[in-house]
$ cat run26.txt   # compact mmCIF, C-alpha atoms and all ligand atoms
# COMPACT_ATOMS: atom_id res chain seq x y z
CA MET T 1 -85.54 -30.75 -162.87
CA ARG T 2 -88.32 -32.22 -164.99
CA SER T 3 -91.90 -31.34 -164.31
CA GLU T 4 -95.09 -33.02 -165.44
CA ARG T 5 -97.29 -31.19 -167.92
CA ASP T 6 -100.36 -29.69 -166.26
CA PRO T 7 -103.24 -31.69 -167.83
CA THR T 8 -105.74 -28.81 -167.68
CA THR T 9 -103.57 -25.96 -168.97
CA GLY T 10 -101.00 -27.87 -171.05
CA TYR T 11 -98.17 -25.87 -169.45
CA LYS T 12 -94.99 -27.42 -168.18
CA ILE T 13 -92.30 -25.70 -166.07
CA LEU T 14 -88.77 -26.99 -166.07
CA ARG T 15 -85.21 -25.98 -165.43
CA ALA T 16 -83.66 -25.43 -168.85
CA ASP T 17 -80.28 -26.78 -169.81
CA GLU T 18 -77.65 -25.38 -172.17
CA SER T 19 -79.38 -26.95 -175.22
CA MET T 20 -82.23 -24.42 -174.88
CA LEU T 21 -79.96 -21.37 -174.76
CA GLU T 22 -80.66 -20.18 -178.30
CA GLU T 23 -84.42 -20.45 -177.84
CA ILE T 24 -84.09 -18.59 -174.53
CA VAL T 25 -82.12 -15.76 -176.17
CA GLU T 26 -84.76 -15.46 -178.90
CA PHE T 27 -87.62 -15.42 -176.40
CA ASP T 28 -85.91 -12.80 -174.25
CA ARG T 29 -85.17 -10.69 -177.33
CA ARG T 30 -88.81 -10.75 -178.47
CA ILE T 31 -90.25 -9.81 -175.06
CA SER T 32 -87.59 -7.12 -174.53
CA TRP T 33 -88.36 -5.63 -177.94
CA GLU T 34 -92.10 -5.58 -177.17
CA LEU T 35 -91.38 -3.74 -173.90
CA LEU T 36 -89.28 -1.18 -175.78
CA GLU T 37 -92.08 -0.74 -178.32
CA ASP T 38 -94.59 -0.20 -175.48
CA SER T 39 -92.35 2.46 -173.94
CA GLY T 40 -91.91 4.16 -177.32
CA LYS T 41 -88.11 3.84 -176.95
CA HIS T 42 -87.50 1.32 -179.71
CA GLY T 43 -85.08 2.08 -182.53
CA ASN T 44 -83.88 -0.10 -185.35
CA TYR T 45 -84.66 -3.82 -184.88
CA GLU T 46 -81.49 -5.08 -186.62
CA GLU T 47 -79.31 -2.98 -184.32
CA PHE T 48 -81.32 -4.01 -181.28
CA GLN T 49 -80.96 -7.69 -182.20
CA GLN T 50 -77.15 -7.45 -182.25
CA LEU T 51 -76.97 -5.34 -179.11
CA HIS T 52 -79.32 -7.70 -177.29
CA ARG T 53 -77.18 -10.75 -178.08
CA ARG T 54 -73.99 -8.98 -177.02
CA ILE T 55 -75.42 -7.87 -173.69
CA PHE T 56 -77.22 -11.16 -173.03
CA MET T 57 -74.03 -13.16 -173.63
CA ALA T 58 -71.90 -10.75 -171.55
CA LEU T 59 -74.26 -11.27 -168.63
CA TYR T 60 -74.44 -15.01 -169.26
CA GLU T 61 -70.66 -15.28 -169.17
CA SER T 62 -70.27 -13.08 -166.09
CA PRO T 63 -69.31 -14.90 -162.84
CA GLY T 64 -71.93 -17.17 -161.27
CA ASP T 65 -74.04 -20.10 -162.39
CA ASN T 66 -76.90 -19.28 -164.74
CA VAL T 67 -80.18 -20.90 -163.78
CA PHE T 68 -83.09 -20.71 -166.22
CA PHE T 69 -86.63 -21.86 -165.54
CA VAL T 70 -88.93 -21.95 -168.54
CA VAL T 71 -92.65 -22.43 -169.07
CA LEU T 72 -93.42 -24.51 -172.16
CA ASP T 73 -96.81 -24.53 -173.86
CA SER T 74 -98.44 -27.64 -175.30
CA ASP T 75 -96.24 -27.30 -178.44
CA ASN T 76 -93.11 -27.15 -176.24
CA LYS T 77 -92.58 -23.49 -177.12
CA ILE T 78 -91.20 -21.16 -174.45
CA VAL T 79 -93.93 -18.84 -173.15
CA GLY T 80 -92.29 -17.86 -169.86
CA LEU T 81 -88.75 -17.43 -168.57
CA LEU T 82 -86.97 -16.71 -165.30
CA TRP T 83 -83.19 -16.16 -165.23
CA LEU T 84 -81.45 -16.39 -161.90
CA LYS T 85 -77.87 -15.95 -160.73
CA GLU T 86 -76.61 -16.39 -157.19
CA GLU T 87 -74.69 -13.38 -155.93
CA TRP T 88 -73.11 -11.92 -152.83
CA ASP T 89 -75.12 -9.22 -151.11
CA THR T 90 -72.25 -6.86 -150.30
CA VAL T 91 -74.21 -4.92 -147.65
CA TYR T 92 -75.30 -7.81 -145.45
CA TYR T 93 -72.61 -10.29 -146.59
CA LYS T 94 -74.95 -13.08 -147.51
CA ARG T 95 -75.68 -15.11 -150.61
CA GLN T 96 -78.69 -13.93 -152.55
CA ALA T 97 -80.66 -15.32 -155.48
CA PHE T 98 -80.77 -12.46 -157.96
CA ILE T 99 -83.52 -12.54 -160.59
CA ILE T 100 -81.97 -11.10 -163.72
CA ASP T 101 -85.19 -11.39 -165.67
CA ILE T 102 -88.68 -12.77 -165.53
CA GLU T 103 -91.08 -12.55 -168.43
CA VAL T 104 -94.22 -14.21 -169.65
CA ASP T 105 -95.50 -13.99 -173.23
CA ALA T 106 -98.29 -11.36 -173.33
CA ARG T 107 -100.84 -13.95 -174.56
CA HIS T 108 -100.20 -16.10 -171.47
CA ARG T 109 -100.19 -13.49 -168.70
CA ARG T 110 -102.48 -13.40 -165.66
CA ARG T 111 -102.66 -17.19 -165.52
CA GLY T 112 -100.35 -17.59 -162.58
CA LEU T 113 -97.27 -18.50 -164.65
CA GLY T 114 -95.13 -15.63 -163.33
CA LYS T 115 -95.94 -16.69 -159.78
CA ARG T 116 -95.07 -20.30 -160.57
CA LEU T 117 -91.72 -19.22 -161.99
CA LEU T 118 -90.98 -17.28 -158.79
CA ASP T 119 -91.99 -20.35 -156.77
CA GLU T 120 -89.48 -22.48 -158.71
CA ALA T 121 -86.75 -19.87 -158.18
CA ALA T 122 -87.55 -19.71 -154.45
CA LYS T 123 -87.48 -23.52 -154.11
CA TYR T 124 -84.17 -23.66 -155.95
CA ALA T 125 -82.63 -20.94 -153.78
CA LEU T 126 -83.79 -22.59 -150.56
CA SER T 127 -82.40 -25.95 -151.72
CA ARG T 128 -79.01 -24.21 -151.91
CA GLY T 129 -79.34 -22.72 -148.44
CA VAL T 130 -80.00 -19.25 -149.85
CA ASN T 131 -82.91 -17.55 -148.12
CA SER T 132 -83.39 -14.31 -149.99
CA MET T 133 -84.31 -13.29 -153.53
CA ALA T 134 -83.79 -9.84 -155.03
CA LEU T 135 -84.25 -8.07 -158.33
CA ARG T 136 -84.21 -4.69 -160.06
CA VAL T 137 -87.40 -3.27 -161.49
CA GLU T 138 -87.87 0.09 -163.19
CA LEU T 139 -90.16 2.54 -161.34
CA ALA T 140 -92.10 2.96 -164.60
CA ASN T 141 -92.92 -0.77 -164.74
CA LYS T 142 -95.97 -0.46 -162.51
CA LYS T 143 -97.48 -3.81 -163.50
CA ALA T 144 -94.33 -5.69 -162.59
CA ILE T 145 -94.07 -3.79 -159.28
CA THR T 146 -97.63 -4.83 -158.42
CA PHE T 147 -96.77 -8.40 -159.37
CA TYR T 148 -93.64 -8.45 -157.14
CA ARG T 149 -95.37 -6.76 -154.21
CA ARG T 150 -98.16 -9.28 -154.46
CA TYR T 151 -95.51 -12.01 -154.11
CA GLY T 152 -94.09 -10.35 -150.98
CA PHE T 153 -91.14 -8.37 -152.35
CA LYS T 154 -90.48 -5.04 -150.64
CA PRO T 155 -88.27 -2.16 -151.80
CA ILE T 156 -85.08 -1.97 -149.71
CA ALA T 157 -82.75 0.32 -151.69
CA TYR T 158 -82.60 2.97 -154.37
CA ILE T 159 -80.61 2.73 -157.56
CA MET T 160 -79.58 6.32 -158.32
CA GLU T 161 -78.52 7.56 -161.71
CA ARG T 162 -77.15 10.82 -163.06
CA GLU T 163 -76.87 11.66 -166.74
CA LEU T 164 -73.28 12.66 -167.54
CA GLU T 165 -73.19 15.50 -169.99
CA ARG T 166 -70.67 17.58 -168.05
CA VAL T 167 -69.18 17.65 -164.55
C1 LIG A 1 -94.58 -9.26 -164.71
C2 LIG A 1 -94.99 -10.58 -165.40
C3 LIG A 1 -93.78 -11.52 -165.44
C4 LIG A 1 -96.14 -11.24 -164.60
O1 LIG A 1 -96.42 -12.50 -165.17
P1 LIG A 1 -97.89 -13.18 -165.07
O2 LIG A 1 -97.74 -14.59 -165.48
O3 LIG A 1 -98.86 -12.37 -165.84
O4 LIG A 1 -98.19 -13.04 -163.52
P2 LIG A 1 -99.23 -13.92 -162.63
O5 LIG A 1 -100.38 -14.32 -163.50
O6 LIG A 1 -98.48 -14.99 -161.96
O7 LIG A 1 -99.70 -12.82 -161.59
C5 LIG A 1 -99.72 -13.03 -160.18
C6 LIG A 1 -100.35 -11.81 -159.53
O8 LIG A 1 -99.54 -10.65 -159.74
C7 LIG A 1 -100.39 -9.49 -159.96
N1 LIG A 1 -100.26 -9.02 -161.35
C8 LIG A 1 -99.65 -9.64 -162.39
N2 LIG A 1 -99.72 -8.90 -163.51
C9 LIG A 1 -100.41 -7.80 -163.17
C10 LIG A 1 -100.84 -6.65 -163.91
N3 LIG A 1 -100.57 -6.52 -165.22
N4 LIG A 1 -101.52 -5.68 -163.27
C11 LIG A 1 -101.81 -5.80 -161.97
N5 LIG A 1 -101.45 -6.88 -161.18
C12 LIG A 1 -100.75 -7.85 -161.80
C13 LIG A 1 -101.82 -9.98 -159.74
O9 LIG A 1 -102.11 -9.82 -158.36
C14 LIG A 1 -101.72 -11.46 -160.09
O10 LIG A 1 -102.69 -12.26 -159.49
P3 LIG A 1 -104.20 -12.30 -160.11
O11 LIG A 1 -104.07 -12.48 -161.60
O12 LIG A 1 -104.81 -13.47 -159.42
O13 LIG A 1 -104.82 -10.98 -159.75
C15 LIG A 1 -95.53 -10.30 -166.85
O14 LIG A 1 -96.51 -9.28 -166.78
C16 LIG A 1 -94.47 -9.87 -167.84
O15 LIG A 1 -93.81 -10.71 -168.47
N6 LIG A 1 -94.28 -8.57 -168.02
C17 LIG A 1 -93.34 -8.06 -169.03
C18 LIG A 1 -91.89 -8.31 -168.62
C19 LIG A 1 -91.55 -7.58 -167.33
O16 LIG A 1 -91.90 -6.43 -167.13
N7 LIG A 1 -90.84 -8.32 -166.46
C20 LIG A 1 -90.36 -7.77 -165.22
C21 LIG A 1 -89.01 -7.18 -165.45
S1 LIG A 1 -88.36 -6.48 -163.96

$ encode --input "run26.txt" --output "structure tokens" --more "lines below"
Ligand SMILES: CC(C)(COP(=O)(O)OP(=O)(O)OC[C@H]1O[C@@H](n2cnc3c(N)ncnc32)[C@H](O)[C@@H]1OP(=O)(O)O)[C@@H](O)C(=O)NCCC(=O)NCCS
Amino acid sequence: MRSERDPTTGYKILRADESMLEEIVEFDRRISWELLEDSGKHGNYEEFQQLHRRIFMALYESPGDNVFFVVLDSDNKIVGLLWLKEEWDTVYYKRQAFIIDIEVDARHRRRGLGKRLLDEAAKYALSRGVNSMALRVELANKKAITFYRRYGFKPIAYIMERELERV
């Protein structure tokens, strides 16, 4: 998919191909690191960089086609990213478009880019006959929850976790 550049904002949204993978990894790493810094949970950047690449690539190579939509600014730099994989919903036995990640560079937020990325993901899913999108969001990420709710997402399940020190 190629999209025209918006003449007023200079942004362009397109479906990225394999050639943009390295730039995508770097963008995701930067935004993920900023989120960790905000939460006060960041450690050593060098270690994080290696861990991030390992986990990103493990997910990338896991079963299912990887679909990336990116927002490019007027210098063709990535300022927004949505990563989608189609999965089986094993409760209702239907295909589902699962949003692995969506992120917009902090300097470009609240300009409707996140919504436009979700629109592209929704259009893509529908074109494949898939009529539901899902994602995981941390309860602490209040801004993202507001953003998703605003788009029409509703919570339908809990993810439960227990720390394992002893049984
Ligand atoms: C969540 C995120 C992708 C939203 O991107 P965005 O481009 O700023 O979102 P939009 O401008 O399209 O917002 C659409 C609507 O969502 C709501 N919204 C978005 N960000 C919000 C915020 N920080 N606080 C409250 N409402 C918000 C608003 O209703 C907004 O419409 P409005 O600006 O007309 O009021 C972006 O904040 C981000 O990258 N966050 C860090 C990464 C992250 O947490 N990703 C989610 C991981 S699960």

$ atom_distance --input "run26.txt" --atom1 "atom CA of Ala58 of chain T" --atom2 "atom CA of Glu23 of chain T"
17.0 Å

$ atom_distance --input "run26.txt" --atom1 "atom CA of Asp73 of chain T" --atom2 "atom CA of Leu113 of chain T"
11.0 Å

$ atom_distance --input "run26.txt" --atom1 "atom CA of Val167 of chain T" --atom2 "atom CA of His42 of chain T"
28.8 Å

$ residues_around --input "run26.txt" --residues "Phe56 of chain T" --least-positions-apart "5" --cutoff "9 Å" --atoms "all atoms listed in the file" --output "list in words"
Val25, Asp28, Leu51 and Glu61 of chain T

$ residues_near_ligand --input "run26.txt" --ligand "ligand LIG 1 (chain A)" --cutoff "7 Å" --atoms "all atoms listed in the file" --output "list in words"
Ile31, Leu35, Asp101, Ile102, Glu103, Val104, Asp105, Ala106, His108, Arg109, Arg110, Arg111, Gly112, Leu113, Gly114, Lys115, Arg116, Arg136, Val137, Glu138, Asn141, Lys143, Ala144, Thr146, Phe147, Tyr148 and Arg150 of chain T

$ residues_around --input "run26.txt" --residues "Val67 of chain T" --least-positions-apart "5" --cutoff "8 Å" --atoms "all atoms listed in the file" --output "ChimeraX atom specification"
/T:15-16,83-85

$ closest_residue --input "run26.txt" --among "T:Leu126, T:Gly80, T:Val71, T:Asp17" --to "Arg30 of chain T" --atoms "only C-alpha atoms"
T:Gly80

$ residues_around --input "run26.txt" --residues "Val130 of chain T" --least-positions-apart "3" --cutoff "7 Å" --atoms "all atoms listed in the file" --output "JSON, numbers by chain"
{"T": [95, 96, 97, 125, 126]}

$ closest_residue --input "run26.txt" --among "T:Ile99, T:Ala121, T:Leu164, T:Leu14" --to "Ala134 of chain T" --atoms "all atoms listed in the file"
T:Ile99

$ closest_residue --input "run26.txt" --among "T:Ser74, T:Thr90, T:Ser132, T:Gln49" --to "Thr9 of chain T" --atoms "all atoms listed in the file"
T:Ser74

$ build_atoms --input "run26.txt" --residues "segment 108-134 of chain T" --atoms "N, CA and C atoms" --output "PDB file, keeping the file's coordinate frame"
ATOM      1  N   HIS T 108    -100.077 -15.088-172.536  1.00  0.00           N
ATOM      2  CA  HIS T 108    -100.200 -16.100-171.470  1.00  0.00           C
ATOM      3  C   HIS T 108    -100.149 -15.478-170.076  1.00  0.00           C
ATOM      4  N   ARG T 109    -100.273 -14.157-170.030  1.00  0.00           N
ATOM      5  CA  ARG T 109    -100.190 -13.490-168.700  1.00  0.00           C
ATOM      6  C   ARG T 109    -101.477 -13.644-167.906  1.00  0.00           C
ATOM      7  N   ARG T 110    -101.366 -13.343-166.627  1.00  0.00           N
ATOM      8  CA  ARG T 110    -102.480 -13.400-165.660  1.00  0.00           C
ATOM      9  C   ARG T 110    -103.080 -14.803-165.560  1.00  0.00           C
ATOM     10  N   ARG T 111    -102.212 -15.810-165.729  1.00  0.00           N
ATOM     11  CA  ARG T 111    -102.660 -17.190-165.520  1.00  0.00           C
ATOM     12  C   ARG T 111    -101.843 -17.865-164.436  1.00  0.00           C
ATOM     13  N   GLY T 112    -101.117 -17.051-163.692  1.00  0.00           N
ATOM     14  CA  GLY T 112    -100.350 -17.590-162.580  1.00  0.00           C
ATOM     15  C   GLY T 112     -98.973 -18.123-162.960  1.00  0.00           C
ATOM     16  N   LEU T 113     -98.554 -17.927-164.230  1.00  0.00           N
ATOM     17  CA  LEU T 113     -97.270 -18.500-164.650  1.00  0.00           C
ATOM     18  C   LEU T 113     -96.079 -17.751-164.042  1.00  0.00           C
ATOM     19  N   GLY T 114     -96.199 -16.411-163.947  1.00  0.00           N
ATOM     20  CA  GLY T 114     -95.130 -15.630-163.330  1.00  0.00           C
ATOM     21  C   GLY T 114     -94.922 -16.070-161.883  1.00  0.00           C
ATOM     22  N   LYS T 115     -96.021 -16.257-161.182  1.00  0.00           N
ATOM     23  CA  LYS T 115     -95.940 -16.690-159.780  1.00  0.00           C
ATOM     24  C   LYS T 115     -95.290 -18.064-159.690  1.00  0.00           C
ATOM     25  N   ARG T 116     -95.656 -18.951-160.610  1.00  0.00           N
ATOM     26  CA  ARG T 116     -95.070 -20.300-160.570  1.00  0.00           C
ATOM     27  C   ARG T 116     -93.572 -20.263-160.856  1.00  0.00           C
ATOM     28  N   LEU T 117     -93.162 -19.360-161.723  1.00  0.00           N
ATOM     29  CA  LEU T 117     -91.720 -19.220-161.990  1.00  0.00           C
ATOM     30  C   LEU T 117     -90.997 -18.730-160.734  1.00  0.00           C
ATOM     31  N   LEU T 118     -91.598 -17.757-160.045  1.00  0.00           N
ATOM     32  CA  LEU T 118     -90.980 -17.280-158.790  1.00  0.00           C
ATOM     33  C   LEU T 118     -90.925 -18.392-157.757  1.00  0.00           C
ATOM     34  N   ASP T 119     -91.982 -19.219-157.709  1.00  0.00           N
ATOM     35  CA  ASP T 119     -91.990 -20.350-156.770  1.00  0.00           C
ATOM     36  C   ASP T 119     -90.813 -21.306-157.058  1.00  0.00           C
ATOM     37  N   GLU T 120     -90.591 -21.569-158.345  1.00  0.00           N
ATOM     38  CA  GLU T 120     -89.480 -22.480-158.710  1.00  0.00           C
ATOM     39  C   GLU T 120     -88.145 -21.868-158.303  1.00  0.00           C
ATOM     40  N   ALA T 121     -88.001 -20.549-158.539  1.00  0.00           N
ATOM     41  CA  ALA T 121     -86.750 -19.870-158.180  1.00  0.00           C
ATOM     42  C   ALA T 121     -86.552 -19.925-156.662  1.00  0.00           C
ATOM     43  N   ALA T 122     -87.635 -19.699-155.923  1.00  0.00           N
ATOM     44  CA  ALA T 122     -87.550 -19.710-154.450  1.00  0.00           C
ATOM     45  C   ALA T 122     -87.166 -21.106-153.952  1.00  0.00           C
ATOM     46  N   LYS T 123     -87.788 -22.134-154.528  1.00  0.00           N
ATOM     47  CA  LYS T 123     -87.480 -23.520-154.110  1.00  0.00           C
ATOM     48  C   LYS T 123     -86.015 -23.841-154.394  1.00  0.00           C
ATOM     49  N   TYR T 124     -85.548 -23.406-155.572  1.00  0.00           N
ATOM     50  CA  TYR T 124     -84.170 -23.660-155.950  1.00  0.00           C
ATOM     51  C   TYR T 124     -83.209 -22.983-154.971  1.00  0.00           C
ATOM     52  N   ALA T 125     -83.506 -21.699-154.677  1.00  0.00           N
ATOM     53  CA  ALA T 125     -82.630 -20.940-153.780  1.00  0.00           C
ATOM     54  C   ALA T 125     -82.573 -21.622-152.402  1.00  0.00           C
ATOM     55  N   LEU T 126     -83.745 -21.966-151.886  1.00  0.00           N
ATOM     56  CA  LEU T 126     -83.790 -22.590-150.560  1.00  0.00           C
ATOM     57  C   LEU T 126     -83.021 -23.908-150.539  1.00  0.00           C
ATOM     58  N   SER T 127     -83.112 -24.661-151.650  1.00  0.00           N
ATOM     59  CA  SER T 127     -82.400 -25.950-151.720  1.00  0.00           C
ATOM     60  C   SER T 127     -80.899 -25.733-151.660  1.00  0.00           C
ATOM     61  N   ARG T 128     -80.440 -24.510-151.959  1.00  0.00           N
ATOM     62  CA  ARG T 128     -79.010 -24.210-151.910  1.00  0.00           C
ATOM     63  C   ARG T 128     -78.646 -23.478-150.621  1.00  0.00           C
ATOM     64  N   GLY T 129     -79.616 -23.371-149.720  1.00  0.00           N
ATOM     65  CA  GLY T 129     -79.340 -22.720-148.440  1.00  0.00           C
ATOM     66  C   GLY T 129     -79.362 -21.202-148.560  1.00  0.00           C
ATOM     67  N   VAL T 130     -79.937 -20.695-149.647  1.00  0.00           N
ATOM     68  CA  VAL T 130     -80.000 -19.250-149.850  1.00  0.00           C
ATOM     69  C   VAL T 130     -81.415 -18.803-149.505  1.00  0.00           C
ATOM     70  N   ASN T 131     -81.548 -17.853-148.574  1.00  0.00           N
ATOM     71  CA  ASN T 131     -82.910 -17.550-148.120  1.00  0.00           C
ATOM     72  C   ASN T 131     -83.389 -16.138-148.461  1.00  0.00           C
ATOM     73  N   SER T 132     -82.791 -15.554-149.519  1.00  0.00           N
ATOM     74  CA  SER T 132     -83.390 -14.310-149.990  1.00  0.00           C
ATOM     75  C   SER T 132     -83.277 -14.172-151.501  1.00  0.00           C
ATOM     76  N   MET T 133     -84.310 -13.545-152.090  1.00  0.00           N
ATOM     77  CA  MET T 133     -84.310 -13.290-153.530  1.00  0.00           C
ATOM     78  C   MET T 133     -84.388 -11.782-153.716  1.00  0.00           C
ATOM     79  N   ALA T 134     -83.747 -11.277-154.765  1.00  0.00           N
ATOM     80  CA  ALA T 134     -83.790  -9.840-155.030  1.00  0.00           C
ATOM     81  C   ALA T 134     -83.831  -9.604-156.530  1.00  0.00           C
TER      82      ALA T 134
END
